[in-house]
$ cat query.cif   # mmCIF, C-alpha atoms
data_upload
loop_
_atom_site.label_atom_id
_atom_site.label_comp_id
_atom_site.auth_asym_id
_atom_site.auth_seq_id
_atom_site.Cartn_x
_atom_site.Cartn_y
_atom_site.Cartn_z
CA MET A 1 5.67 -193.97 28.44
CA GLY A 2 3.28 -196.89 29.21
CA ILE A 3 1.36 -197.12 25.96
CA GLY A 4 4.38 -196.58 23.75
CA PHE A 5 6.29 -199.23 25.63
CA LEU A 6 3.53 -201.80 25.16
CA ALA A 7 3.25 -200.99 21.47
CA MET A 8 6.97 -201.24 20.90
CA LEU A 9 7.15 -204.49 22.84
CA ALA A 10 4.42 -205.95 20.64
CA GLY A 11 6.21 -204.63 17.57
CA ILE A 12 9.59 -206.03 18.49
CA LEU A 13 8.12 -209.41 19.43
CA ASP A 14 6.33 -209.49 16.10
CA VAL A 15 9.52 -209.15 14.06
CA ASN A 16 9.87 -212.22 11.88
CA ARG A 17 12.72 -214.35 13.23
CA ASP A 18 13.71 -215.38 9.71
CA LEU A 19 14.66 -211.79 8.97
CA TYR A 20 17.56 -212.05 11.41
CA GLU A 21 18.83 -215.20 9.80
CA ALA A 22 18.50 -213.64 6.36
CA ALA A 23 20.35 -210.57 7.58
CA TYR A 24 23.22 -212.72 8.89
CA ILE A 25 23.47 -214.47 5.56
CA ASP A 26 23.50 -211.06 3.88
CA GLY A 27 26.53 -210.13 5.94
CA ILE A 28 25.75 -208.39 9.21
CA THR A 29 28.01 -209.54 12.00
CA ASN A 30 26.81 -208.36 15.40
CA ARG A 31 23.83 -207.55 17.58
CA PHE A 32 24.12 -203.81 17.06
CA GLN A 33 23.68 -204.23 13.32
CA GLU A 34 20.78 -206.58 14.07
CA ILE A 35 19.03 -203.75 15.88
CA ILE A 36 19.84 -201.08 13.28
CA TYR A 37 19.06 -203.05 10.14
CA VAL A 38 16.33 -205.46 11.22
CA THR A 39 14.58 -204.68 14.51
CA ILE A 40 14.11 -200.92 14.11
CA PRO A 41 12.90 -200.96 10.48
CA ALA A 42 10.54 -203.83 11.24
CA ALA A 43 9.09 -202.17 14.34
CA LYS A 44 8.79 -198.73 12.75
CA PRO A 45 4.98 -198.43 12.83
CA GLN A 46 4.99 -199.18 16.55
CA MET A 47 7.81 -196.71 17.11
CA LEU A 48 5.81 -194.06 15.27
CA PHE A 49 2.93 -194.77 17.59
CA GLY A 50 5.21 -194.55 20.61
CA ALA A 51 6.62 -191.24 19.39
CA VAL A 52 3.21 -189.71 18.77
CA MET A 53 1.92 -190.88 22.14
CA ALA A 54 5.01 -189.53 23.91
CA ILE A 55 4.48 -186.13 22.28
CA VAL A 56 0.78 -186.06 23.06
CA ASN A 57 1.30 -187.11 26.67
CA ALA A 58 4.14 -184.66 27.19
CA PHE A 59 1.88 -181.80 26.18
CA GLN A 60 -1.16 -183.04 28.01
CA ASN A 61 0.53 -183.82 31.29
CA GLY A 62 -0.11 -180.71 33.29
CA GLY A 63 -1.40 -182.47 36.33
CA ILE A 64 1.77 -183.06 38.29
CA GLY A 65 2.31 -179.47 39.41
CA VAL A 66 -1.31 -179.17 40.44
CA GLN A 67 -1.26 -182.49 42.29
CA LEU A 68 1.93 -181.71 44.21
CA SER A 69 0.97 -178.21 45.27
CA GLY A 70 -2.67 -179.14 45.78
CA ALA A 71 -3.89 -176.02 44.02
CA ASN A 72 -4.67 -174.83 40.52
CA PRO A 73 -3.17 -172.29 39.73
CA THR A 74 0.11 -173.48 41.22
CA PRO A 75 1.75 -171.12 43.75
CA GLY A 76 3.19 -168.11 41.95
CA TYR A 77 2.17 -169.70 38.64
CA ALA A 78 5.49 -171.56 38.86
CA GLY A 79 4.17 -174.89 37.56
CA GLN A 80 1.57 -173.67 35.12
CA LEU A 81 1.39 -175.44 31.75
CA LEU A 82 -0.92 -175.03 28.79
CA ALA A 83 -3.20 -177.85 29.92
CA THR A 84 -3.56 -176.52 33.47
CA HIS A 85 -3.90 -172.99 32.11
CA ALA A 86 -6.86 -174.05 29.99
CA GLU A 87 -8.39 -175.88 32.92
CA GLU A 88 -7.92 -172.93 35.23
CA TYR A 89 -9.62 -170.44 32.89
CA ALA A 90 -12.43 -172.78 31.83
CA PHE A 91 -13.41 -174.33 35.15
CA ILE A 92 -12.16 -172.00 37.86
CA ARG A 93 -12.51 -168.53 36.33
CA TYR A 94 -15.39 -169.69 34.09
CA GLU A 95 -13.95 -167.99 31.02
CA MET A 96 -14.99 -170.86 28.79
CA GLY A 97 -14.18 -169.07 25.52
CA TYR A 98 -10.61 -168.38 26.50
CA GLY A 99 -10.16 -171.89 27.87
CA ALA A 100 -11.47 -173.40 24.65
CA ALA A 101 -9.16 -171.17 22.60
CA VAL A 102 -6.15 -172.31 24.62
CA SER A 103 -7.07 -175.97 24.19
CA VAL A 104 -7.41 -175.49 20.41
CA LEU A 105 -3.99 -173.85 20.35
CA LEU A 106 -2.58 -176.77 22.30
CA LEU A 107 -4.21 -179.18 19.87
CA LEU A 108 -2.65 -177.41 16.88
CA LEU A 109 0.75 -177.43 18.56
CA VAL A 110 0.61 -181.16 19.24
CA TRP A 111 -0.70 -181.84 15.74
CA VAL A 112 2.13 -179.95 14.00
CA ILE A 113 4.83 -181.59 16.10
CA SER A 114 3.45 -185.09 15.68
CA HIS A 115 3.28 -184.47 11.93
CA TYR A 116 7.00 -183.85 12.04
CA ALA A 117 7.44 -187.08 14.01
CA LYS A 118 5.45 -188.97 11.37
CA LYS A 119 7.78 -187.61 8.68
CA LEU A 120 10.69 -188.96 10.68
CA PHE A 121 9.34 -192.43 11.29
CA ALA A 122 6.98 -193.07 8.39
CA ASP A 123 7.58 -196.04 6.14
CA LYS A 124 9.38 -194.92 3.04
CA ASN A 125 7.94 -197.61 0.76
CA MET B 126 34.87 -216.44 9.16
CA THR B 127 33.56 -219.61 7.70
CA ARG B 128 29.98 -220.35 6.96
CA ASN B 129 29.95 -222.85 9.80
CA LYS B 130 30.95 -220.27 12.37
CA LYS B 131 28.14 -217.98 11.22
CA ARG B 132 25.66 -220.81 11.66
CA ILE B 133 26.59 -221.18 15.30
CA ARG B 134 26.13 -217.45 15.91
CA ILE B 135 22.74 -217.50 14.24
CA ILE B 136 21.55 -220.13 16.68
CA GLY B 137 22.85 -217.88 19.43
CA ILE B 138 20.72 -214.88 18.39
CA ASN B 139 17.62 -215.88 20.23
CA PRO B 140 18.41 -218.76 22.57
CA ARG B 141 15.35 -220.67 23.70
CA ARG B 142 16.42 -220.78 27.32
CA PHE B 143 18.97 -219.21 29.64
CA GLU B 144 22.46 -218.88 28.32
CA ARG B 145 25.62 -217.67 29.98
CA SER B 146 26.13 -214.86 27.46
CA GLN B 147 22.91 -213.28 28.71
CA LEU B 148 24.41 -212.62 32.16
CA LYS B 149 25.56 -209.13 31.18
CA PHE B 150 21.98 -208.18 30.28
CA TYR B 151 20.74 -209.39 33.65
CA LEU B 152 23.43 -207.34 35.37
CA TYR B 153 21.88 -204.23 33.83
CA LEU B 154 18.23 -205.23 33.84
CA ILE B 155 17.80 -206.56 37.39
CA PRO B 156 18.78 -203.30 39.17
CA LEU B 157 16.52 -201.44 36.73
CA ALA B 158 13.65 -203.81 37.49
CA ILE B 159 14.16 -203.38 41.24
CA VAL B 160 14.02 -199.58 40.94
CA THR B 161 10.85 -199.85 38.86
CA ALA B 162 9.27 -202.29 41.28
CA LEU B 163 9.85 -200.17 44.40
CA PRO B 164 6.65 -198.08 44.10
CA LEU B 165 4.65 -201.27 43.58
CA LEU B 166 6.20 -202.80 46.70
CA PHE B 167 5.37 -199.61 48.56
CA VAL B 168 1.71 -199.81 47.56
CA PHE B 169 1.58 -203.42 48.71
CA SER B 170 3.27 -202.95 52.07
CA ASN B 171 1.37 -199.72 52.74
CA ALA B 172 -1.92 -201.56 52.57
CA PHE B 173 -0.80 -203.97 55.29
CA LYS B 174 0.81 -201.44 57.62
CA PRO B 175 -0.79 -200.66 60.96
CA LEU B 176 -1.77 -197.03 61.41
CA ASP B 177 1.21 -195.89 63.46
CA GLU B 178 3.65 -197.24 60.88
CA LEU B 179 1.82 -195.49 58.05
CA LEU B 180 2.51 -192.14 59.68
CA VAL B 181 6.19 -192.80 60.42
CA TYR B 182 8.60 -190.30 58.91
CA PRO B 183 10.73 -191.16 57.01
CA PRO B 184 8.39 -193.82 55.59
CA LYS B 185 9.55 -197.39 55.83
CA LEU B 186 9.38 -199.69 52.82
CA PHE B 187 8.57 -202.85 54.70
CA THR B 188 6.21 -203.27 57.58
CA THR B 189 7.29 -205.11 60.69
CA ARG B 190 3.76 -205.93 61.86
CA PRO B 191 1.53 -206.73 58.88
CA THR B 192 -2.18 -206.43 59.57
CA LEU B 193 -5.48 -206.76 57.73
CA GLN B 194 -7.06 -203.99 59.78
CA ASN B 195 -7.07 -201.54 56.86
CA PHE B 196 -9.24 -203.82 54.75
CA ILE B 197 -11.64 -204.40 57.63
CA ASN B 198 -11.84 -200.63 58.10
CA LEU B 199 -12.50 -200.19 54.40
CA THR B 200 -15.62 -202.32 54.52
CA ALA B 201 -16.54 -200.61 57.78
CA THR B 202 -16.42 -197.11 56.21
CA SER B 203 -19.61 -197.86 54.35
CA SER B 204 -21.37 -199.83 57.07
CA ASN B 205 -23.31 -196.77 58.22
CA LYS B 206 -24.25 -195.78 54.66
CA ALA B 207 -26.99 -197.05 52.39
CA ILE B 208 -24.56 -198.41 49.82
CA PRO B 209 -21.85 -200.94 50.69
CA VAL B 210 -18.37 -200.86 49.15
CA THR B 211 -19.12 -204.04 47.26
CA ARG B 212 -21.84 -202.24 45.30
CA TYR B 213 -19.24 -199.77 43.99
CA LEU B 214 -16.95 -202.68 43.20
CA PHE B 215 -19.73 -204.45 41.31
CA ASN B 216 -20.47 -201.30 39.29
CA SER B 217 -16.82 -200.93 38.43
CA ILE B 218 -16.44 -204.55 37.38
CA LEU B 219 -19.62 -204.49 35.27
CA THR B 220 -18.83 -201.26 33.44
CA THR B 221 -15.17 -202.07 32.99
CA GLY B 222 -15.89 -205.54 31.63
CA SER B 223 -18.43 -204.36 29.10
CA THR B 224 -16.27 -201.39 28.14
CA VAL B 225 -13.31 -203.61 27.37
CA LEU B 226 -15.35 -206.11 25.33
CA LEU B 227 -17.26 -203.50 23.32
CA THR B 228 -14.16 -201.38 22.77
CA LEU B 229 -12.33 -204.36 21.33
CA LEU B 230 -15.19 -205.24 18.96
CA ILE B 231 -15.76 -201.68 17.75
CA THR B 232 -12.09 -200.87 17.44
CA VAL B 233 -11.22 -204.00 15.49
CA ALA B 234 -14.12 -203.53 13.08
CA THR B 235 -13.18 -199.89 12.50
CA ALA B 236 -9.51 -200.67 12.09
CA TYR B 237 -10.35 -203.43 9.59
CA CYS B 238 -12.33 -200.93 7.54
CA LEU B 239 -9.56 -198.35 7.65
CA SER B 240 -6.80 -200.82 6.93
CA LYS B 241 -8.15 -203.30 4.39
CA LYS B 242 -11.01 -201.57 2.57
CA LYS B 243 -10.55 -199.13 -0.30
CA TYR B 244 -12.74 -196.06 -0.45
CA ARG B 245 -12.48 -192.30 -0.70
CA MET B 246 -11.70 -190.15 2.33
CA LYS B 247 -10.06 -193.08 4.09
CA LYS B 248 -6.87 -191.15 4.83
CA PHE B 249 -8.92 -188.18 5.96
CA ILE B 250 -10.96 -190.26 8.39
CA PHE B 251 -7.83 -191.74 9.86
CA GLU B 252 -6.35 -188.27 10.18
CA ILE B 253 -9.43 -187.21 12.13
CA ASN B 254 -8.77 -190.11 14.47
CA SER B 255 -5.17 -189.00 14.92
CA VAL B 256 -6.36 -185.50 15.79
CA ALA B 257 -8.89 -186.95 18.23
CA LEU B 258 -5.92 -188.62 19.90
CA MET B 259 -4.49 -185.21 20.71
CA PHE B 260 -7.44 -183.59 22.44
CA ILE B 261 -6.85 -182.82 26.07
CA PRO B 262 -9.55 -184.30 28.34
CA VAL B 263 -10.42 -180.84 29.68
CA ALA B 264 -11.44 -179.65 26.21
CA VAL B 265 -13.96 -182.44 25.69
CA ALA B 266 -15.52 -182.48 29.15
CA ILE B 267 -18.37 -180.05 28.45
CA PRO B 268 -19.32 -181.19 24.91
CA ARG B 269 -19.34 -184.70 26.27
CA TYR B 270 -21.75 -183.77 29.00
CA PHE B 271 -24.11 -182.27 26.43
CA ILE B 272 -23.97 -185.41 24.29
CA ILE B 273 -24.70 -187.63 27.29
CA TYR B 274 -27.52 -185.29 28.29
CA LYS B 275 -29.09 -185.26 24.82
CA LEU B 276 -28.84 -189.04 24.63
CA GLY B 277 -30.80 -189.21 27.87
CA MET B 278 -28.09 -191.13 29.68
CA ILE B 279 -27.94 -189.01 32.81
CA ASP B 280 -28.31 -191.32 35.78
CA ASN B 281 -27.94 -194.36 33.61
CA ILE B 282 -25.19 -196.93 34.02
CA LEU B 283 -24.64 -196.68 30.25
CA SER B 284 -23.09 -193.27 30.74
CA SER B 285 -20.03 -194.89 32.32
CA ILE B 286 -19.65 -197.20 29.32
CA VAL B 287 -20.55 -195.27 26.18
CA PRO B 288 -18.12 -192.31 26.42
CA LEU B 289 -15.21 -194.71 26.82
CA LEU B 290 -16.05 -196.80 23.76
CA ALA B 291 -14.49 -194.34 21.34
CA MET B 292 -10.83 -195.00 21.84
CA PRO B 293 -8.61 -193.18 19.31
CA VAL B 294 -5.46 -194.65 20.84
CA GLY B 295 -6.67 -198.20 20.39
CA LEU B 296 -7.87 -197.59 16.84
CA PHE B 297 -4.55 -196.04 15.91
CA LEU B 298 -2.63 -198.96 17.40
CA ILE B 299 -4.72 -201.75 15.90
CA LYS B 300 -4.83 -200.07 12.51
CA GLN B 301 -1.05 -199.72 12.47
CA PHE B 302 -0.71 -203.34 13.48
CA MET B 303 -3.21 -204.53 10.91
CA ASP B 304 -1.34 -202.73 8.14
CA GLN B 305 1.43 -205.29 8.61
CA PHE B 306 -1.03 -208.13 8.12
CA PRO B 307 -0.86 -209.13 4.42
CA ASP B 308 -3.80 -208.06 2.24
CA ASP B 309 -3.49 -211.25 0.18
CA ILE B 310 -4.88 -213.39 2.98
CA VAL B 311 -7.92 -211.17 3.35
CA GLU B 312 -8.44 -211.27 -0.41
CA ALA B 313 -8.08 -215.06 -0.44
CA ALA B 314 -10.76 -215.30 2.24
CA GLN B 315 -13.03 -213.03 0.22
CA ILE B 316 -12.59 -215.24 -2.83
CA ASP B 317 -13.48 -218.25 -0.68
CA GLY B 318 -16.73 -216.48 0.15
CA ALA B 319 -16.15 -215.24 3.69
CA SER B 320 -18.23 -212.31 4.83
CA ASN B 321 -16.63 -209.29 6.45
CA PHE B 322 -17.55 -210.46 9.93
CA MET B 323 -16.10 -213.90 9.28
CA ILE B 324 -12.88 -212.34 8.03
CA ILE B 325 -12.64 -210.18 11.13
CA GLY B 326 -13.51 -213.00 13.53
CA LYS B 327 -11.63 -215.91 12.03
CA ILE B 328 -8.72 -214.40 10.14
CA VAL B 329 -7.86 -210.92 11.33
CA MET B 330 -8.55 -211.26 15.08
CA PRO B 331 -6.35 -214.31 15.73
CA ASN B 332 -3.47 -212.66 13.91
CA ILE B 333 -3.50 -209.35 15.73
CA LYS B 334 -3.75 -210.77 19.23
CA PRO B 335 -0.75 -208.83 20.58
CA ALA B 336 -2.37 -205.56 19.53
CA LEU B 337 -5.68 -206.72 20.94
CA ALA B 338 -4.03 -207.52 24.26
CA THR B 339 -2.44 -204.08 24.35
CA VAL B 340 -5.73 -202.35 23.62
CA ALA B 341 -7.50 -204.50 26.20
CA ILE B 342 -4.99 -203.41 28.85
CA LEU B 343 -5.36 -199.76 27.88
CA SER B 344 -9.13 -199.71 27.79
CA PHE B 345 -9.28 -201.62 31.05
CA GLN B 346 -7.08 -199.06 32.75
CA THR B 347 -9.06 -196.12 31.40
CA ALA B 348 -12.38 -197.66 32.40
CA TRP B 349 -11.24 -198.91 35.79
CA ASN B 350 -9.68 -195.61 36.84
CA SER B 351 -12.34 -193.40 35.31
CA THR B 352 -14.26 -191.16 37.71
CA GLU B 353 -15.71 -188.96 34.98
CA ALA B 354 -19.11 -190.63 34.74
CA SER B 355 -19.57 -190.83 38.51
CA ASN B 356 -18.60 -187.19 38.89
CA TYR B 357 -20.61 -185.64 36.08
CA TYR B 358 -23.32 -187.92 34.75
CA LEU B 359 -24.52 -189.98 37.70
CA ASN B 360 -26.49 -188.60 40.61
CA ASN B 361 -27.64 -191.95 41.89
CA GLU B 362 -25.06 -193.09 44.43
CA ALA B 363 -25.82 -196.76 43.73
CA LEU B 364 -24.48 -196.48 40.16
CA LYS B 365 -21.13 -194.89 40.92
CA SER B 366 -17.82 -196.66 40.50
CA PHE B 367 -15.22 -197.86 42.96
CA SER B 368 -12.63 -195.40 41.70
CA PHE B 369 -15.07 -192.64 42.55
CA TYR B 370 -15.60 -194.10 46.01
CA MET B 371 -11.85 -194.01 46.45
CA THR B 372 -11.69 -190.31 45.61
CA THR B 373 -14.30 -189.64 48.29
CA LEU B 374 -12.04 -191.42 50.79
CA THR B 375 -9.14 -189.27 49.67
CA ALA B 376 -11.14 -186.08 49.76
CA SER B 377 -12.41 -186.64 53.26
CA SER B 378 -9.19 -187.90 54.79
CA GLY B 379 -6.20 -187.69 52.46
CA ASN B 380 -5.43 -183.99 52.38
CA ALA B 381 -4.12 -183.55 55.90
CA ASN B 382 -3.54 -179.81 55.62
CA ALA B 383 -7.10 -179.00 54.70
CA MET B 384 -8.44 -181.29 57.38
CA VAL B 385 -6.37 -180.18 60.34
CA GLY B 386 -9.54 -179.31 62.22
CA GLN B 387 -10.86 -182.82 61.85
CA LEU B 388 -7.72 -184.67 62.83
CA SER B 389 -9.51 -185.95 65.91
CA GLY B 390 -9.74 -189.49 64.55
CA ASN B 391 -11.41 -190.09 61.26
CA ALA B 392 -8.85 -188.29 59.11
CA ILE B 393 -5.92 -190.31 60.35
CA ALA B 394 -7.82 -193.58 60.30
CA GLY B 395 -8.58 -192.73 56.67
CA MET B 396 -4.90 -193.11 55.75
CA GLY B 397 -5.03 -196.86 56.27
CA VAL B 398 -8.36 -197.21 54.47
CA GLN B 399 -6.97 -195.23 51.60
CA ALA B 400 -3.88 -197.40 51.39
CA ALA B 401 -6.06 -200.52 51.28
CA ALA B 402 -8.31 -198.99 48.62
CA THR B 403 -5.27 -198.01 46.56
CA LEU B 404 -4.14 -201.61 46.59
CA ILE B 405 -7.57 -202.87 45.51
CA MET B 406 -7.68 -200.29 42.73
CA PHE B 407 -4.22 -201.20 41.58
CA LEU B 408 -4.33 -205.01 41.79
CA PRO B 409 -6.61 -205.70 38.75
CA ASN B 410 -4.35 -203.54 36.58
CA LEU B 411 -1.34 -205.56 37.62
CA ILE B 412 -3.02 -208.96 37.27
CA LEU B 413 -4.48 -208.16 33.86
CA PHE B 414 -1.15 -206.87 32.66
CA ILE B 415 0.69 -209.98 33.79
CA VAL B 416 -1.89 -212.33 32.27
CA LEU B 417 -2.14 -210.55 28.94
CA GLN B 418 1.56 -209.89 28.74
CA SER B 419 2.33 -213.59 28.83
CA LYS B 420 -0.43 -214.06 26.26
CA VAL B 421 1.37 -211.61 24.02
CA MET B 422 4.51 -213.72 24.33
CA ASN B 423 2.51 -216.88 23.70
CA THR B 424 0.91 -215.66 20.50
CA MET B 425 4.26 -214.51 19.33
CA SER B 426 6.01 -217.82 19.67
CA HIS B 427 3.10 -219.63 18.03
CA SER B 428 2.49 -217.33 15.10
CA GLY B 429 4.73 -218.41 12.27
CA MET B 430 3.32 -216.61 9.28
CA LYS B 431 5.40 -216.11 6.17
#
$ encode --input "query.cif" --output "structure tokens"
Amino acid sequence: MGIGFLAMLAGILDVNRDLYEAAYIDGITNRFQEIIYVTIPAAKPQMLFGAVMAIVNAFQNGGIGVQLSGANPTPGYAGQLLATHAEEYAFIRYEMGYGAAVSVLLLLLVWVISHYAKKLFADKN
Amino acid sequence: MTRNKKRIRIIGINPRRFERSQLKFYLYLIPLAIVTALPLLFVFSNAFKPLDELLVYPPKLFTTRPTLQNFINLTATSSNKAIPVTRYLFNSILTTGSTVLLTLLITVATAYCLSKKKYRMKKFIFEINSVALMFIPVAVAIPRYFIIYKLGMIDNILSSIVPLLAMPVGLFLIKQFMDQFPDDIVEAAQIDGASNFMIIGKIVMPNIKPALATVAILSFQTAWNSTEASNYYLNNEALKSFSFYMTTLTASSGNANAMVGQLSGNAIAGMGVQAAATLIMFLPNLILFIVLQSKVMNTMSHSGMK
């Protein structure tokens, strides 16, 4: 989460304080509405960044299984993910072509999903 | 609900200092902070534990007999080798420092171009950057080696700097942040006759400091923890980084199962050295984060742009 957290922190801190005052004058009454109507819309670009990074990292993080078991492939292929799969074929079995193909597939997968995330969070104006 | 009552609440939105109504947040946040801080505490106390306490099961969080022996051992590990630990540290500090500085300059200039200039293919170029963000490191390892090889940077300290300069994450972040910075100010500066570099240096940079701090932290962490160059591009031991040196400690002593045959002394003694090295690796990250994080806060409270 690291990067996304930093980005969102910067985004939230950068929200113009006057917006809150303006929002209160326009009729919001509590902190929850503050978050929904002011903080989240103002920090949307940073949230988009956080979402994309979370997606990318979730797909790329294959290392934990390998680190814990101390072997790639993991015992019984129980902890194998796309990233470790690509690494195993490319650098252990030396089937570079297959490894490259898997990593392209992974790239496409991440790209499509983060496109969907951009649709969700993109600025409408 | 009179106007007056609303006024009072508005002042209460963001109190300047501690207020009693914040207690409920602390009640939730302090336990959370303690849980998050436990691994950090563990790293710290591990580095100061004597050997027998390091091997205690279940592991203890605090040490009863703190000692500096691990750090002394760490410098001693290299005493019989040609290259002292400090040489690795120097390499790491040099490459990390220049990586951070150059990354910031390149990234800001690129982001300025992508955010404030108008030309064809701009969207497409930014999309390429977003795709570059999604590559897994494994996929780029071999092409990267070829590029470094063709550039003639094998066995050159530059090879631990140059590959890290392209930072899609940082570009993405700064560009997003710069989009919020009003175009009018840039245009006003152009009318006043400022060159592109002056606009970047005097107008854009001071206003995107939070993003700059974030990118500085990120690029520092990547550069400081990177073992790629030392593993693949550098054969000369004197040019390798401290993080690489740490992996050699781990490889020769950390994996107890693989090293059962060698348990006679060195492998176990390595545990303490490794704990000390982990702390040294980790400390700059923490310090930089704390320093820059407060800087982020500082810029925020001072920047009153409307």
$ interface_residues --input "query.cif" --of "chain B" --to "chain A" --cutoff "7 Å" --atoms "all atoms listed in the file" --output "JSON, numbers by chain"
{"B": [135, 256, 259, 260, 261, 263, 264, 298, 301, 335, 336, 339, 425]}
$ axis_aligned_box --input "query.cif" --around "range 97-108 of chain A" --padding-each-side "4 Å" --output "AutoDock Vina command-line options"
--center_x -8.4 --center_y -173.8 --center_z 22.4 --size_x 19.6 --size_y 18.8 --size_z 19.0
$ atom_distance --input "query.cif" --atom1 "CA of Lys300 in chain B" --atom2 "CA of Ser240 in chain B"
6.0 Å
$ residues_around --input "query.cif" --residues "range 405-415 of chain B" --least-positions-apart "4" --cutoff "12 Å" --atoms "only C-alpha atoms" --output "JSON, numbers by chain"
{"A": [2, 6], "B": [162, 164, 165, 166, 167, 168, 169, 171, 172, 173, 195, 196, 199, 210, 211, 213, 214, 217, 218, 221, 222, 225, 338, 339, 340, 341, 342, 343, 344, 345, 346, 347, 348, 349, 350, 351, 366, 367, 368, 369, 370, 371, 372, 398, 399, 400, 401, 419, 420, 421, 422]}
$ resolve_selection --input "query.cif" --expression "the PyMOL selection byres ((chain B and resi 178) around 12)" --output "short mmCIF file (atom, residue, chain, number, x, y, z; two decimals) with C-alpha atoms, in the frame of the given file"
data_model
loop_
_atom_site.label_atom_id
_atom_site.label_comp_id
_atom_site.auth_asym_id
_atom_site.auth_seq_id
_atom_site.Cartn_x
_atom_site.Cartn_y
_atom_site.Cartn_z
CA SER B 170 3.27 -202.95 52.07
CA ASN B 171 1.37 -199.72 52.74
CA ALA B 172 -1.92 -201.56 52.57
CA PHE B 173 -0.80 -203.97 55.29
CA LYS B 174 0.81 -201.44 57.62
CA PRO B 175 -0.79 -200.66 60.96
CA LEU B 176 -1.77 -197.03 61.41
CA ASP B 177 1.21 -195.89 63.46
CA LEU B 179 1.82 -195.49 58.05
CA LEU B 180 2.51 -192.14 59.68
CA VAL B 181 6.19 -192.80 60.42
CA TYR B 182 8.60 -190.30 58.91
CA PRO B 183 10.73 -191.16 57.01
CA PRO B 184 8.39 -193.82 55.59
CA LYS B 185 9.55 -197.39 55.83
CA LEU B 186 9.38 -199.69 52.82
CA PHE B 187 8.57 -202.85 54.70
CA THR B 188 6.21 -203.27 57.58
CA THR B 189 7.29 -205.11 60.69
CA ARG B 190 3.76 -205.93 61.86
CA PRO B 191 1.53 -206.73 58.88
CA THR B 192 -2.18 -206.43 59.57
CA ILE B 393 -5.92 -190.31 60.35
CA MET B 396 -4.90 -193.11 55.75
CA GLY B 397 -5.03 -196.86 56.27
#
$ atom_distance --input "query.cif" --atom1 "CA of Leu337 in chain B" --atom2 "CA of Gly295 in chain B"
8.6 Å
$ resolve_selection --input "query.cif" --expression "the PyMOL selection byres ((chain B and resi 235) around 12)" --output "PyMOL selection string"
chain B and resi 228-234+236-242+247+250-251+254+291-293+295-300+303+321-322+325
$ resolve_selection --input "query.cif" --expression "the PyMOL selection byres ((chain B and resi 361) around 12)" --output "MDAnalysis selection string"
chainID B and resid 207:208 213 279:282 354:360 362:366
$ closest_residue --input "query.cif" --among "A:Met47, A:Met8, A:Leu81, A:Ile113" --to "Gly62 in chain A" --atoms "all atoms listed in the file"
A:Leu81
$ atom_distance --input "query.cif" --atom1 "CA of Tyr89 in chain A" --atom2 "CA of Ile273 in chain B"
23.5 Å
$ closest_residue --input "query.cif" --among "B:Leu289, B:Ile272, B:Ile333, B:Val311" --to "Thr352 in chain B" --atoms "all atoms listed in the file"
B:Leu289
